[in-house]
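Shown here: run34.cif, mmCIF, C-alpha atoms (C1' of nucleotides).
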data_structure
#
loop_
_atom_site.group_PDB
_atom_site.id
_atom_site.type_symbol
_atom_site.label_atom_id
_atom_site.label_comp_id
_atom_site.auth_asym_id
_atom_site.auth_seq_id
_atom_site.Cartn_x
_atom_site.Cartn_y
_atom_site.Cartn_z
ATOM 1 C CA MET A 1 11.664 47.370 0.384
ATOM 2 C CA GLU A 2 8.407 46.851 2.253
ATOM 3 C CA LYS A 3 8.292 45.296 5.672
ATOM 4 C CA THR A 4 6.303 42.402 4.231
ATOM 5 C CA ASP A 5 9.036 41.690 1.708
ATOM 6 C CA ALA A 6 11.682 41.925 4.388
ATOM 7 C CA VAL A 7 9.864 39.388 6.556
ATOM 8 C CA ALA A 8 9.499 37.104 3.547
ATOM 9 C CA ALA A 9 13.190 37.332 2.718
ATOM 10 C CA LEU A 10 14.230 36.853 6.340
ATOM 11 C CA ALA A 11 11.941 33.835 6.659
ATOM 12 C CA ALA A 12 13.369 32.387 3.476
ATOM 13 C CA LEU A 13 16.910 32.677 4.809
ATOM 14 C CA ALA A 14 16.037 31.581 8.334
ATOM 15 C CA GLN A 15 16.405 27.885 7.695
ATOM 16 C CA ASP A 16 19.546 25.826 7.702
ATOM 17 C CA ASN A 17 19.276 24.135 4.352
ATOM 18 C CA ARG A 18 17.869 27.171 2.645
ATOM 19 C CA LEU A 19 20.638 29.402 3.910
ATOM 20 C CA ASP A 20 23.110 26.842 2.576
ATOM 21 C CA VAL A 21 21.347 26.766 -0.763
ATOM 22 C CA PHE A 22 21.274 30.516 -1.004
ATOM 23 C CA ARG A 23 24.909 30.912 -0.114
ATOM 24 C CA LEU A 24 25.838 28.321 -2.673
ATOM 25 C CA LEU A 25 23.875 30.204 -5.330
ATOM 26 C CA VAL A 26 25.441 33.439 -4.213
ATOM 27 C CA GLN A 27 28.895 32.020 -4.611
ATOM 28 C CA ALA A 28 27.991 30.650 -8.004
ATOM 29 C CA GLY A 29 27.266 34.161 -9.224
ATOM 30 C CA VAL A 30 24.834 35.198 -11.928
ATOM 31 C CA GLU A 31 25.326 32.013 -13.923
ATOM 32 C CA GLY A 32 23.674 29.982 -11.211
ATOM 33 C CA LEU A 33 23.650 26.243 -10.646
ATOM 34 C CA THR A 34 21.459 23.382 -11.764
ATOM 35 C CA ALA A 35 19.087 21.941 -9.193
ATOM 36 C CA GLY A 36 21.032 18.710 -9.460
ATOM 37 C CA ALA A 37 24.348 20.398 -8.710
ATOM 38 C CA VAL A 38 22.901 21.958 -5.585
ATOM 39 C CA ALA A 39 21.301 18.687 -4.548
ATOM 40 C CA GLU A 40 24.604 16.913 -4.839
ATOM 41 C CA ALA A 41 26.620 19.634 -3.148
ATOM 42 C CA LEU A 42 24.342 19.724 -0.121
ATOM 43 C CA GLY A 43 23.094 16.160 -0.029
ATOM 44 C CA LEU A 44 19.437 17.096 -0.245
ATOM 45 C CA ALA A 45 16.622 15.113 -1.829
ATOM 46 C CA PRO A 46 15.529 16.702 -5.107
ATOM 47 C CA ASN A 47 11.936 17.187 -4.011
ATOM 48 C CA THR A 48 13.004 18.761 -0.736
ATOM 49 C CA LEU A 49 15.202 21.045 -2.735
ATOM 50 C CA THR A 50 12.366 22.079 -5.018
ATOM 51 C CA PHE A 51 10.444 23.063 -1.908
ATOM 52 C CA HIS A 52 13.282 25.287 -0.732
ATOM 53 C CA PHE A 53 13.920 26.780 -4.150
ATOM 54 C CA ASP A 54 10.257 27.735 -4.280
ATOM 55 C CA ARG A 55 10.521 29.481 -0.947
ATOM 56 C CA LEU A 56 13.584 31.396 -2.095
ATOM 57 C CA ARG A 57 11.895 32.297 -5.335
ATOM 58 C CA MET A 58 8.705 33.479 -3.618
ATOM 59 C CA ALA A 59 10.863 35.689 -1.435
ATOM 60 C CA GLY A 60 12.504 37.155 -4.516
ATOM 61 C CA LEU A 61 15.866 35.705 -3.560
ATOM 62 C CA ALA A 62 16.297 33.388 -6.524
ATOM 63 C CA THR A 63 15.375 32.956 -10.167
ATOM 64 C CA VAL A 64 15.035 29.891 -12.381
ATOM 65 C CA ARG A 65 15.552 29.248 -16.017
ATOM 66 C CA ARG A 66 15.495 26.049 -17.971
ATOM 67 C CA GLU A 67 18.511 24.855 -19.883
ATOM 68 C CA GLY A 68 18.068 21.525 -21.599
ATOM 69 C CA ARG A 69 16.617 19.203 -19.032
ATOM 70 C CA SER A 70 18.144 21.105 -16.175
ATOM 71 C CA MET A 71 16.637 23.890 -14.148
ATOM 72 C CA ILE A 72 19.186 26.527 -13.312
ATOM 73 C CA TYR A 73 18.734 28.552 -10.170
ATOM 74 C CA ALA A 74 20.531 31.795 -9.465
ATOM 75 C CA ALA A 75 20.569 34.227 -6.569
ATOM 76 C CA ARG A 76 18.888 37.607 -6.883
ATOM 77 C CA PHE A 77 21.489 39.935 -5.426
ATOM 78 C CA GLU A 78 19.167 42.863 -5.802
ATOM 79 C CA THR A 79 16.833 41.483 -3.124
ATOM 80 C CA MET A 80 19.674 40.432 -0.877
ATOM 81 C CA ASN A 81 21.019 43.963 -0.956
ATOM 82 C CA ALA A 82 17.592 45.502 -0.452
ATOM 83 C CA LEU A 83 17.186 43.354 2.648
ATOM 84 C CA VAL A 84 20.472 44.471 4.121
ATOM 85 C CA GLY A 85 19.501 48.002 3.240
ATOM 86 C CA PHE A 86 16.173 47.623 4.976
ATOM 87 C CA LEU A 87 17.757 46.278 8.129
ATOM 88 C CA THR A 88 20.419 48.928 8.363
ATOM 89 C CA GLU A 89 18.099 51.718 7.245
ATOM 90 C CA ASN A 90 15.904 51.128 10.242
ATOM 91 C CA CYS A 91 18.944 50.681 12.386
ATOM 92 C CA CYS A 92 19.802 53.281 14.996
ATOM 93 C CA GLY A 93 17.110 55.693 13.907
ATOM 94 C CA GLY A 94 19.152 56.635 10.860
ATOM 95 C CA ALA A 95 21.673 58.524 12.918
ATOM 96 C CA SER A 96 24.946 56.995 14.008
ATOM 97 C CA CYS A 97 24.768 53.866 11.890
ATOM 98 C CA ALA A 98 27.340 53.556 9.168
ATOM 99 C CA PRO A 99 25.381 53.327 5.904
ATOM 100 C CA ALA A 100 26.400 49.886 4.636
ATOM 101 C CA LYS A 101 25.710 50.218 0.963
ATOM 102 C CA PRO A 102 25.989 46.751 -0.565
ATOM 103 C CA ALA A 103 26.759 44.967 -3.580
ATOM 104 C CA LYS A 104 26.688 44.130 -7.191
ATOM 105 C CA PRO A 105 26.335 40.577 -8.473
ATOM 106 C CA ALA A 106 29.439 38.423 -8.518
ATOM 107 C CA GLY A 107 31.659 38.781 -11.535
ATOM 108 C CA THR A 108 31.985 36.180 -14.249
ATOM 109 C CA ARG A 109 33.940 33.910 -11.950
ATOM 110 C CA SER A 110 31.936 30.939 -13.192
ATOM 111 C CA LYS A 111 31.471 27.680 -11.373
ATOM 112 C CA MET A 112 30.239 25.164 -13.893
ATOM 113 C CA LEU A 113 26.717 23.975 -14.380
ATOM 114 C CA ALA A 114 26.999 20.195 -14.038
ATOM 115 C CA MET B 1 29.266 34.787 13.413
ATOM 116 C CA GLU B 2 28.424 31.125 13.037
ATOM 117 C CA LYS B 3 25.854 29.912 10.578
ATOM 118 C CA THR B 4 23.770 28.620 13.480
ATOM 119 C CA ASP B 5 23.699 32.070 15.051
ATOM 120 C CA ALA B 6 22.811 33.633 11.744
ATOM 121 C CA VAL B 7 19.874 31.284 11.275
ATOM 122 C CA ALA B 8 18.734 32.036 14.822
ATOM 123 C CA ALA B 9 18.923 35.779 14.254
ATOM 124 C CA LEU B 10 17.200 35.541 10.893
ATOM 125 C CA ALA B 11 14.443 33.399 12.370
ATOM 126 C CA ALA B 12 14.004 35.863 15.195
ATOM 127 C CA LEU B 13 13.550 38.721 12.758
ATOM 128 C CA ALA B 14 11.427 36.742 10.313
ATOM 129 C CA GLN B 15 8.134 37.430 11.992
ATOM 130 C CA ASP B 16 5.926 40.453 11.629
ATOM 131 C CA ASN B 17 5.437 41.389 15.248
ATOM 132 C CA ARG B 18 8.973 40.562 16.185
ATOM 133 C CA LEU B 19 10.445 42.653 13.397
ATOM 134 C CA ASP B 20 8.257 45.504 14.619
ATOM 135 C CA VAL B 21 9.425 44.986 18.170
ATOM 136 C CA PHE B 22 13.041 44.869 17.141
ATOM 137 C CA ARG B 23 12.821 47.977 15.026
ATOM 138 C CA LEU B 24 11.149 49.795 17.842
ATOM 139 C CA LEU B 25 13.943 48.793 20.187
ATOM 140 C CA VAL B 26 16.500 49.768 17.617
ATOM 141 C CA GLN B 27 14.993 53.206 17.288
ATOM 142 C CA ALA B 28 14.871 53.554 21.046
ATOM 143 C CA GLY B 29 18.647 53.164 21.174
ATOM 144 C CA VAL B 30 20.714 51.777 24.016
ATOM 145 C CA GLU B 31 18.313 53.006 26.683
ATOM 146 C CA GLY B 32 15.647 50.617 25.540
ATOM 147 C CA LEU B 33 11.942 50.504 26.297
ATOM 148 C CA THR B 34 9.786 48.924 28.969
ATOM 149 C CA ALA B 35 7.797 45.878 27.988
ATOM 150 C CA GLY B 36 4.678 47.902 28.640
ATOM 151 C CA ALA B 37 5.751 50.703 26.323
ATOM 152 C CA VAL B 38 6.323 48.239 23.517
ATOM 153 C CA ALA B 39 3.038 46.488 24.231
ATOM 154 C CA GLU B 40 1.182 49.758 23.979
ATOM 155 C CA ALA B 41 3.041 50.988 20.916
ATOM 156 C CA LEU B 42 2.328 47.808 18.969
ATOM 157 C CA GLY B 43 -0.953 46.728 20.501
ATOM 158 C CA LEU B 44 0.309 43.328 21.578
ATOM 159 C CA ALA B 45 -0.803 41.286 24.576
ATOM 160 C CA PRO B 46 1.852 41.319 27.296
ATOM 161 C CA ASN B 47 2.252 37.559 27.359
ATOM 162 C CA THR B 48 2.584 37.392 23.594
ATOM 163 C CA LEU B 49 5.197 40.070 23.857
ATOM 164 C CA THR B 50 7.161 38.159 26.474
ATOM 165 C CA PHE B 51 7.239 35.264 24.048
ATOM 166 C CA HIS B 52 8.697 37.448 21.312
ATOM 167 C CA PHE B 53 11.161 39.172 23.619
ATOM 168 C CA ASP B 54 12.425 35.743 24.634
ATOM 169 C CA ARG B 55 12.956 34.803 21.031
ATOM 170 C CA LEU B 56 14.881 37.989 20.369
ATOM 171 C CA ARG B 57 16.938 37.488 23.481
ATOM 172 C CA MET B 58 17.753 33.868 22.643
ATOM 173 C CA ALA B 59 18.945 35.068 19.263
ATOM 174 C CA GLY B 60 21.191 37.624 20.939
ATOM 175 C CA LEU B 61 19.224 40.491 19.452
ATOM 176 C CA ALA B 62 17.959 41.982 22.707
ATOM 177 C CA THR B 63 18.819 42.365 26.368
ATOM 178 C CA VAL B 64 16.682 42.895 29.463
ATOM 179 C CA ARG B 65 17.220 44.633 32.712
ATOM 180 C CA ARG B 66 14.834 45.347 35.537
ATOM 181 C CA GLU B 67 14.092 48.878 36.626
ATOM 182 C CA GLY B 68 11.543 49.165 39.393
ATOM 183 C CA ARG B 69 8.617 47.012 38.384
ATOM 184 C CA SER B 70 9.364 47.385 34.715
ATOM 185 C CA MET B 71 11.453 45.203 32.502
ATOM 186 C CA ILE B 72 13.451 47.218 30.027
ATOM 187 C CA TYR B 73 14.382 45.672 26.728
ATOM 188 C CA ALA B 74 17.055 47.007 24.436
ATOM 189 C CA ALA B 75 18.402 45.988 21.046
ATOM 190 C CA ARG B 76 21.833 44.404 20.757
ATOM 191 C CA PHE B 77 23.353 46.255 17.851
ATOM 192 C CA GLU B 78 26.418 44.101 17.955
ATOM 193 C CA THR B 79 24.441 41.054 16.831
ATOM 194 C CA MET B 80 22.477 43.006 14.257
ATOM 195 C CA ASN B 81 25.730 44.154 12.705
ATOM 196 C CA ALA B 82 27.281 40.722 12.878
ATOM 197 C CA LEU B 83 24.286 39.365 11.003
ATOM 198 C CA VAL B 84 24.572 41.927 8.249
ATOM 199 C CA GLY B 85 28.265 41.169 8.159
ATOM 200 C CA PHE B 86 27.617 37.474 7.837
ATOM 201 C CA LEU B 87 25.167 37.948 5.003
ATOM 202 C CA THR B 88 27.365 40.281 3.017
ATOM 203 C CA GLU B 89 30.542 38.378 3.812
ATOM 204 C CA ASN B 90 29.135 35.318 2.141
ATOM 205 C CA CYS B 91 27.743 37.442 -0.607
ATOM 206 C CA CYS B 92 29.300 37.291 -4.048
ATOM 207 C CA GLY B 93 32.123 35.028 -2.993
ATOM 208 C CA GLY B 94 33.819 37.953 -1.291
ATOM 209 C CA ALA B 95 34.738 39.553 -4.555
ATOM 210 C CA SER B 96 32.682 42.300 -6.108
ATOM 211 C CA CYS B 97 30.443 42.972 -3.143
ATOM 212 C CA ALA B 98 30.833 46.332 -1.487
ATOM 213 C CA PRO B 99 31.899 45.606 2.097
ATOM 214 C CA ALA B 100 29.011 47.140 4.059
ATOM 215 C CA LYS B 101 30.582 47.681 7.430
ATOM 216 C CA PRO B 102 27.790 48.642 9.822
ATOM 217 C CA ALA B 103 27.012 50.442 12.847
ATOM 218 C CA LYS B 104 27.422 51.634 16.355
ATOM 219 C CA PRO B 105 24.523 51.887 18.800
ATOM 220 C CA ALA B 106 22.270 54.933 18.542
ATOM 221 C CA GLY B 107 23.389 58.062 20.346
ATOM 222 C CA THR B 108 21.754 59.357 23.495
ATOM 223 C CA ARG B 109 18.662 60.397 21.601
ATOM 224 C CA SER B 110 16.458 59.043 24.381
ATOM 225 C CA LYS B 111 12.840 58.033 24.000
ATOM 226 C CA MET B 112 11.329 57.827 27.473
ATOM 227 C CA LEU B 113 10.668 54.714 29.449
ATOM 228 C CA ALA B 114 6.932 54.905 30.213
ATOM 229 C "C1'" DC C 1 0.844 43.221 55.470
ATOM 230 C "C1'" DA C 2 -2.628 44.056 51.821
ATOM 231 C "C1'" DA C 3 -3.453 46.058 47.395
ATOM 232 C "C1'" DT C 4 -1.906 47.129 42.982
ATOM 233 C "C1'" DC C 5 0.934 47.295 38.954
ATOM 234 C "C1'" DA C 6 4.113 45.141 35.519
ATOM 235 C "C1'" DT C 7 5.407 41.170 33.626
ATOM 236 C "C1'" DT C 8 6.028 36.213 33.231
ATOM 237 C "C1'" DT C 9 4.607 31.273 33.308
ATOM 238 C "C1'" DC C 10 1.761 27.559 31.885
ATOM 239 C "C1'" DA C 11 -1.400 24.786 29.079
ATOM 240 C "C1'" DA C 12 -4.023 24.555 25.011
ATOM 241 C "C1'" DT C 13 -4.994 25.396 20.179
ATOM 242 C "C1'" DA C 14 -4.758 26.246 15.215
ATOM 243 C "C1'" DA C 15 -1.562 27.111 11.667
ATOM 244 C "C1'" DT C 16 2.642 26.569 9.286
ATOM 245 C "C1'" DC C 17 6.997 24.112 8.301
ATOM 246 C "C1'" DG C 18 10.435 20.630 6.584
ATOM 247 C "C1'" DT C 19 10.892 16.094 5.091
ATOM 248 C "C1'" DT C 20 9.602 11.801 3.002
ATOM 249 C "C1'" DG C 21 7.895 8.535 -0.621
ATOM 250 C "C1'" DA C 22 5.488 7.621 -4.707
ATOM 251 C "C1'" DA C 23 3.959 9.226 -8.936
ATOM 252 C "C1'" DA C 24 3.866 12.729 -12.667
ATOM 253 C "C1'" DT C 25 5.952 15.875 -16.167
ATOM 254 C "C1'" DA C 26 9.282 17.565 -19.455
ATOM 255 C "C1'" DT C 27 13.525 17.135 -22.228
ATOM 256 C "C1'" DG C 28 16.950 14.894 -25.114
ATOM 257 C "C1'" DG C 29 18.857 10.862 -27.267
ATOM 258 C "C1'" DA C 30 18.780 5.886 -29.364
ATOM 259 C "C1'" DT D 1 8.664 5.862 -30.424
ATOM 260 C "C1'" DC D 2 10.811 4.162 -26.253
ATOM 261 C "C1'" DC D 3 14.104 5.040 -22.691
ATOM 262 C "C1'" DA D 4 16.802 7.520 -19.489
ATOM 263 C "C1'" DT D 5 17.594 11.865 -17.125
ATOM 264 C "C1'" DA D 6 16.202 15.995 -14.440
ATOM 265 C "C1'" DT D 7 12.999 17.977 -11.834
ATOM 266 C "C1'" DT D 8 8.378 18.840 -10.015
ATOM 267 C "C1'" DT D 9 3.841 17.631 -7.904
ATOM 268 C "C1'" DC D 10 1.062 15.566 -4.448
ATOM 269 C "C1'" DA D 11 -0.396 13.651 -0.021
ATOM 270 C "C1'" DA D 12 1.053 12.608 4.428
ATOM 271 C "C1'" DC D 13 3.463 13.039 8.808
ATOM 272 C "C1'" DG D 14 5.650 14.871 13.016
ATOM 273 C "C1'" DA D 15 7.600 19.117 14.687
ATOM 274 C "C1'" DT D 16 7.557 23.885 15.543
ATOM 275 C "C1'" DT D 17 5.165 28.369 15.822
ATOM 276 C "C1'" DA D 18 2.211 32.351 17.319
ATOM 277 C "C1'" DT D 19 -1.544 33.413 19.968
ATOM 278 C "C1'" DT D 20 -4.965 33.020 23.666
ATOM 279 C "C1'" DG D 21 -6.678 32.880 28.503
ATOM 280 C "C1'" DA D 22 -5.970 32.061 33.247
ATOM 281 C "C1'" DA D 23 -3.026 31.986 36.974
ATOM 282 C "C1'" DA D 24 1.482 33.047 39.186
ATOM 283 C "C1'" DT D 25 5.532 36.013 40.417
ATOM 284 C "C1'" DG D 26 7.938 40.160 41.774
ATOM 285 C "C1'" DA D 27 8.152 45.082 43.072
ATOM 286 C "C1'" DT D 28 6.070 49.283 44.995
ATOM 287 C "C1'" DT D 29 2.852 51.954 47.675
ATOM 288 C "C1'" DG D 30 -0.293 52.829 51.447
#
Mind turning this structure into structure tokens?
Amino acid sequence: MEKTDAVAALAALAQDNRLDVFRLLVQAGVEGLTAGAVAEALGLAPNTLTFHFDRLRMAGLATVRREGRSMIYAARFETMNALVGFLTENCCGGASCAPAKPAKPAGTRSKMLA
Amino acid sequence: MEKTDAVAALAALAQDNRLDVFRLLVQAGVEGLTAGAVAEALGLAPNTLTFHFDRLRMAGLATVRREGRSMIYAARFETMNALVGFLTENCCGGASCAPAKPAKPAGTRSKMLA
DNA sequence: CAATCATTTCAATAATCGTTGAAATATGGA
DNA sequence: TCCATATTTCAACGATTATTGAAATGATTG
């Protein structure tokens, strides 16, 4: 991961509502959640939410797909893990830091799509 | 780590110059670097740098101490690790994510104080 | 004490950010 | 086709941010 990408991902996560959104998506696993489900869960206006989804998507932290009239957003675990990797890789000059190899996407522990 | 602290740490790292500063401190290990050394290494104005150091310090990511006429800044690995922990802890609903236990401060691989 | 060095403080500025409200777009069903 | 649902687009606003330049503070040396 490039520094630029790391800054983008950090910036995307460095906001209250967006961190909430991302964590919700993360917990939802690869199936994702509809925009409406997220809006309801967090009490955010749909247009505000679109703004935040865009930011997450630009940072490579989320994906969208359409399903019927709903847009379904899902976390991109790959980027999340690359970010953690980037932070720890540059940590402690590579020496005494425990590696911290992350993650595969959440299982099929679904969560409903609304 | 609280969500608030996580957002603060993420925000502190989510800026080009600040991420550079932090990584430099991280590589310098527990001994840290003088403000001047960082300023020279990154080509930043000293007042700009003070601003960024403050942000890092407020986020718990750096400490200062005075030594002669120099101020010496050092990374707080504890917070860095807590942040990674927070991100991965909330990752994948706690299930299939590899734990990713980080880090102890860098050894005594010093780096000079300028 | 005066001079110098290292860093911080302060005020100002342009740029970006998050939220809102109103209107537009796309999909599915009657 | 007309209507309702789900979400996005657009313009606007106040708030925060990063950077700058100039001046102030604190520590050391002569």
Return as a ChimeraX atom specification the set of residues that the PyMOL selection byres ((chain A and resi 82) around 10) yields on the displayed structure. /A:1-2,5-6,9,77-81,83-89,101-103
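All residues of protein, DNA or RNA that reach within 10 Å of DT19 of chain C, judged by all atoms listed in the file and not counting those fewer than 4 positions away in the chain, are Ala45, Asn47, Thr48 and Phe51 of chain A; DC13 and DG14 of chain D.
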Can you tell me how far atom CA of Arg69 of chain A sits from atom C1' of DA6 of chain D, in Å to one decimal? 5.6 Å
Take the PyMOL selection byres ((chain D) within 10 of (chain A)), run it mentally on this structure, and tell me the resulting residues as a list in words.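 Selection result, ordered by chain and number: DT5, DA6, DT7, DT8 and DT9 of chain D.
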Expected answer as number ranges by chain: chain C residues within 12 Å of chain A, all atoms listed in the file: C: 17-22, 25-29
For the file shown, report as a PyMOL selection string the outcome of the PyMOL selection byres ((chain C and resi 10-16) around 9) at residue level. (chain C and resi 9+17) or (chain D and resi 16-20+23)
So how far away is atom CA of Leu42 of chain B from atom C1' of DT4 of chain C, in Å?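 These atoms are spaced 24.4 Å apart.
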To one decimal in Å, tell me the separation between atom CA of Ala62 of chain A and atom CA of Glu40 of chain A.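 Between these atoms lies a distance of 18.5 Å.
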My list of candidates is B:Ala12, B:Ala74, B:Leu56, B:Leu44. Which is closest to Leu24 of chain B when distances are computed with only C-alpha atoms? B:Ala74
Could you get me a file of segment 8-24 of chain D with N, CA and C atoms (P, O5', C5', C4', C3', O3' and C1' of nucleotides), as a compact mmCIF listing (two decimals), in the first residue's frame, taken from the block above?
# COMPACT_ATOMS: atom_id res chain seq x y z
P DT D 8 -26.76 5.88 -2.90
O5' DT D 8 -26.95 7.09 -3.93
C5' DT D 8 -27.12 6.79 -5.31
C4' DT D 8 -27.37 8.08 -6.07
C3' DT D 8 -26.23 9.09 -5.99
O3' DT D 8 -25.85 9.41 -7.32
C1' DT D 8 -28.29 10.12 -5.47
P DT D 9 -24.61 10.37 -7.61
O5' DT D 9 -25.27 11.81 -7.78
C5' DT D 9 -26.10 12.07 -8.90
C4' DT D 9 -26.63 13.49 -8.80
C3' DT D 9 -25.55 14.56 -8.70
O3' DT D 9 -25.74 15.45 -9.79
C1' DT D 9 -27.24 14.90 -7.08
P DC D 10 -24.65 16.55 -10.22
O5' DC D 10 -25.18 17.86 -9.46
C5' DC D 10 -26.54 18.26 -9.63
C4' DC D 10 -26.86 19.39 -8.67
C3' DC D 10 -25.69 20.35 -8.41
O3' DC D 10 -26.05 21.64 -8.85
C1' DC D 10 -26.79 19.72 -6.39
P DA D 11 -24.95 22.83 -8.91
O5' DA D 11 -25.45 23.72 -7.68
C5' DA D 11 -26.84 23.93 -7.48
C4' DA D 11 -27.06 24.69 -6.19
C3' DA D 11 -25.99 25.73 -5.87
O3' DA D 11 -26.64 26.87 -5.32
C1' DA D 11 -26.11 24.17 -4.11
P DA D 12 -25.83 28.18 -4.84
O5' DA D 12 -25.83 28.01 -3.26
C5' DA D 12 -27.09 27.87 -2.59
C4' DA D 12 -26.83 27.62 -1.12
C3' DA D 12 -25.81 28.58 -0.49
O3' DA D 12 -26.44 29.34 0.51
C1' DA D 12 -25.42 26.29 0.13
P DC D 13 -25.64 30.56 1.20
O5' DC D 13 -25.16 29.90 2.56
C5' DC D 13 -26.12 29.34 3.46
C4' DC D 13 -25.38 28.63 4.57
C3' DC D 13 -24.15 29.39 5.04
O3' DC D 13 -24.49 30.18 6.17
C1' DC D 13 -23.73 27.03 4.80
P DG D 14 -23.38 30.75 7.18
O5' DG D 14 -22.92 29.48 8.00
C5' DG D 14 -23.75 28.94 9.04
C4' DG D 14 -22.93 27.90 9.78
C3' DG D 14 -21.82 28.51 10.65
O3' DG D 14 -21.71 27.73 11.84
C1' DG D 14 -20.86 27.13 8.99
P DA D 15 -20.50 27.97 12.87
O5' DA D 15 -19.49 26.79 12.52
C5' DA D 15 -19.95 25.44 12.58
C4' DA D 15 -18.78 24.49 12.39
C3' DA D 15 -17.56 24.83 13.24
O3' DA D 15 -17.09 23.64 13.85
C1' DA D 15 -16.97 24.74 10.93
P DT D 16 -15.81 23.65 14.84
O5' DT D 16 -14.62 23.09 13.91
C5' DT D 16 -14.79 21.82 13.29
C4' DT D 16 -13.69 21.62 12.29
C3' DT D 16 -12.27 21.74 12.87
O3' DT D 16 -11.64 20.48 12.66
C1' DT D 16 -12.48 22.92 10.82
P DT D 17 -10.11 20.26 13.00
O5' DT D 17 -9.37 20.70 11.65
C5' DT D 17 -9.64 19.97 10.46
C4' DT D 17 -8.67 20.39 9.37
C3' DT D 17 -7.23 20.45 9.83
O3' DT D 17 -6.47 19.52 9.08
C1' DT D 17 -7.88 22.45 8.68
P DA D 18 -4.95 19.30 9.44
O5' DA D 18 -4.19 20.28 8.44
C5' DA D 18 -4.27 20.05 7.05
C4' DA D 18 -3.44 21.10 6.33
C3' DA D 18 -1.99 21.17 6.79
O3' DA D 18 -1.16 21.22 5.64
C1' DA D 18 -3.04 23.30 7.04
P DT D 19 0.43 21.38 5.80
O5' DT D 19 0.63 22.94 5.62
C5' DT D 19 0.10 23.56 4.45
C4' DT D 19 0.29 25.07 4.52
C3' DT D 19 1.70 25.51 4.93
O3' DT D 19 2.31 26.13 3.82
C1' DT D 19 0.00 26.76 6.04
P DT D 20 3.82 26.66 3.88
O5' DT D 20 3.62 28.16 4.40
C5' DT D 20 3.14 29.16 3.50
C4' DT D 20 3.00 30.48 4.22
C3' DT D 20 4.22 30.89 5.03
O3' DT D 20 5.26 31.48 4.26
C1' DT D 20 2.16 31.33 6.21
P DG D 21 5.58 32.90 3.76
O5' DG D 21 5.33 33.89 5.02
C5' DG D 21 4.42 34.98 4.85
C4' DG D 21 4.43 35.87 6.07
C3' DG D 21 5.82 36.30 6.54
O3' DG D 21 5.80 37.72 6.72
C1' DG D 21 4.61 35.30 8.34
P DA D 22 7.09 38.51 7.33
O5' DA D 22 6.61 38.78 8.83
C5' DA D 22 5.28 39.24 9.07
C4' DA D 22 5.12 39.48 10.57
C3' DA D 22 6.38 40.04 11.23
O3' DA D 22 6.00 40.94 12.27
C1' DA D 22 5.82 37.97 12.22
P DA D 23 7.09 41.72 13.17
O5' DA D 23 6.86 41.08 14.61
C5' DA D 23 5.52 41.06 15.13
C4' DA D 23 5.48 40.17 16.34
C3' DA D 23 6.52 40.53 17.41
O3' DA D 23 5.88 40.58 18.66
C1' DA D 23 6.64 38.23 16.89
P DA D 24 6.66 40.89 20.03
O5' DA D 24 6.66 39.48 20.77
C5' DA D 24 5.41 38.93 21.20
C4' DA D 24 5.67 37.57 21.82
C3' DA D 24 6.56 37.59 23.06
O3' DA D 24 5.92 36.85 24.09
C1' DA D 24 7.38 36.04 21.47
